[in-house]
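What follows is a single structure, written as structure tokens, with notes after it.
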Amino acid sequence: MKSIGVYLILPVAALLSAGCQSNKSIKQSHAMNEKSTPAVIKSNEEWKQILTDEEYYVLREAGTERPFMGKYTDTDDKGNYYCKACGHLIFTSDTKYHSGCGWPAFYDKAGKSAVITKMDYSHGMTRVEVLCQQCHSHLGHVFEDGPADKTGLRYCINSISMEFKPDSTTGKP
Ligand SMILES: [Zn+2]
């Protein structure tokens, strides 16, 4: 019976990982802070007033944008990435790299209080979900196939969950 279960799950997993390497070993330590309370709390109606339908689907319903379609996938400009829902600083261009998996990838978060992680067992997979630390909106997932000479992590983040502000517009050198 076991092999039937695997057979059924594989096509879904293959579809969702869409070219990314598989997440072979997930450390439970990623999920240690999932019980924290968000500093920014809004009702679903309030979020719907702030966000577009697509943004709401990804950020508040843990949706995933289509690969290679997001506006920041290939962005190399220097600057900061903020949570689209609440404006919290989540990633910077300093740790962004080209993973080839179709979504913006970072090998580290923008400081200790940028994001939190949570175990995600949806779609027949075991993954680690990445949420904004401040409002707990869904940003993407973190995998352990990132650059080995850095952290070894790959934060795979939806473009639509972020707002990029280039250094040239914020006065940073
Ligand atoms: Zn946020």
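Residues in the structure tokens are named by chain (A, B, ... in the order shown) and by number from 1 within that chain; ligands are numbered from 1 in the order shown.
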### Task
For ligand 1, collect every residue having any atom at a distance of at most 12 Å from a ligand atom (counting only C-alpha atoms and all ligand atoms); output as a PyMOL selection string.
chain A and resi 38-42+47+51+59-60+81-91+113-116+130-139+161-163
#### Entry: All helix (DSSP H, G or I) residues (DSSP, backbone) inside region 32-172 of chain A, as a list of chain:residue names
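Matching residues for helix (DSSP H, G or I) in region 32-172 of chain A are A:Asn44, A:Glu45, A:Glu46, A:Trp47, A:Lys48, A:Gln49, A:Ile50, A:Asp53, A:Glu54, A:Glu55, A:Tyr56, A:Tyr57, A:Val58, A:Leu59, A:Ser93, A:Asp94, A:Thr95, A:Ser122, A:His123, A:Gly124, A:Ser159, A:Ile160, A:Ser161, A:Asp167, A:Ser168, A:Thr169, A:Thr170.
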### Task
To one decimal in Å, tell me the separation between CA of Thr73 (chain A) and CA of Asp53 (chain A).
20.6 Å
### Query
In Å, with one decimal, what is the gap from CA of Glu54 (chain A) to CA of Phe68 (chain A)?
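Interatomic distance, CA of Glu54 (chain A) to CA of Phe68 (chain A): 16.0 Å.
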### Task
Would you list the contacts of Gly79 (chain A) as a VMD selection string, taking every protein, DNA or RNA residue within 6 Å and counting only C-alpha atoms, but skipping same-chain residues closer than 2 positions in sequence?
chain A and resid 93 165 to 167
### Query
Which residues, written as a ChimeraX atom specification, have at least one atom at most 12 Å from Lys78 (chain A), with only C-alpha atoms counted and residues fewer than 6 positions away on the same chain left out?
/A:91-97,164-173
Please produce an output containing C-alpha atoms for each residue in the selection, written as a PDB file, in the first residue's frame.
ATOM      1  CA  PHE A  91      15.270  40.316   2.746  1.00  0.00           C
ATOM      2  CA  THR A  92      18.067  42.335   1.149  1.00  0.00           C
ATOM      3  CA  SER A  93      19.779  42.151  -2.225  1.00  0.00           C
ATOM      4  CA  ASP A  94      23.027  41.192  -0.461  1.00  0.00           C
ATOM      5  CA  THR A  95      21.862  37.589  -0.023  1.00  0.00           C
ATOM      6  CA  LYS A  96      19.819  37.261  -3.217  1.00  0.00           C
ATOM      7  CA  TYR A  97      21.078  34.782  -5.787  1.00  0.00           C
ATOM      8  CA  PHE A 164      11.461  46.094  -3.481  1.00  0.00           C
ATOM      9  CA  LYS A 165      12.966  49.485  -2.752  1.00  0.00           C
ATOM     10  CA  PRO A 166      16.250  50.068  -4.613  1.00  0.00           C
ATOM     11  CA  ASP A 167      19.010  51.868  -2.697  1.00  0.00           C
ATOM     12  CA  SER A 168      18.908  54.562  -5.375  1.00  0.00           C
ATOM     13  CA  THR A 169      15.436  55.598  -4.165  1.00  0.00           C
ATOM     14  CA  THR A 170      16.111  55.422  -0.433  1.00  0.00           C
ATOM     15  CA  GLY A 171      19.276  57.545  -0.337  1.00  0.00           C
ATOM     16  CA  LYS A 172      21.600  54.709   0.599  1.00  0.00           C
ATOM     17  CA  PRO A 173      25.035  54.900  -1.075  1.00  0.00           C
TER      18      PRO A 173
END
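Put simply, CA of His141 (chain A) is 8.3 Å away from CA of Thr117 (chain A).
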### Task
Please report, as a VMD selection string, each residue of region 30-156 of chain A to which DSSP assigns strand (DSSP E or B) when run on this structure's backbone.
chain A and resid 79 to 83 89 to 92 96 to 97 105 to 106 115 to 120 127 to 132 138 to 143 154 to 156
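Restricting the calculation to only C-alpha atoms, the smallest distance between Cys156 (chain A) and any of A:Gly63, A:Gly70, A:Gly124, A:Pro104 is found for A:Pro104.
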### Summary
Thr64 (chain A) proximity check over A:Asp108, A:Asp149, A:Glu144, A:Glu129, using only C-alpha atoms: winner is A:Glu129
### Close residues, Tyr107 (chain A) itself excluded, 7 Å, only C-alpha atoms, min 2 positions apart in chain, as a ChimeraX atom specification
/A:95-96,105,146-147,151-155
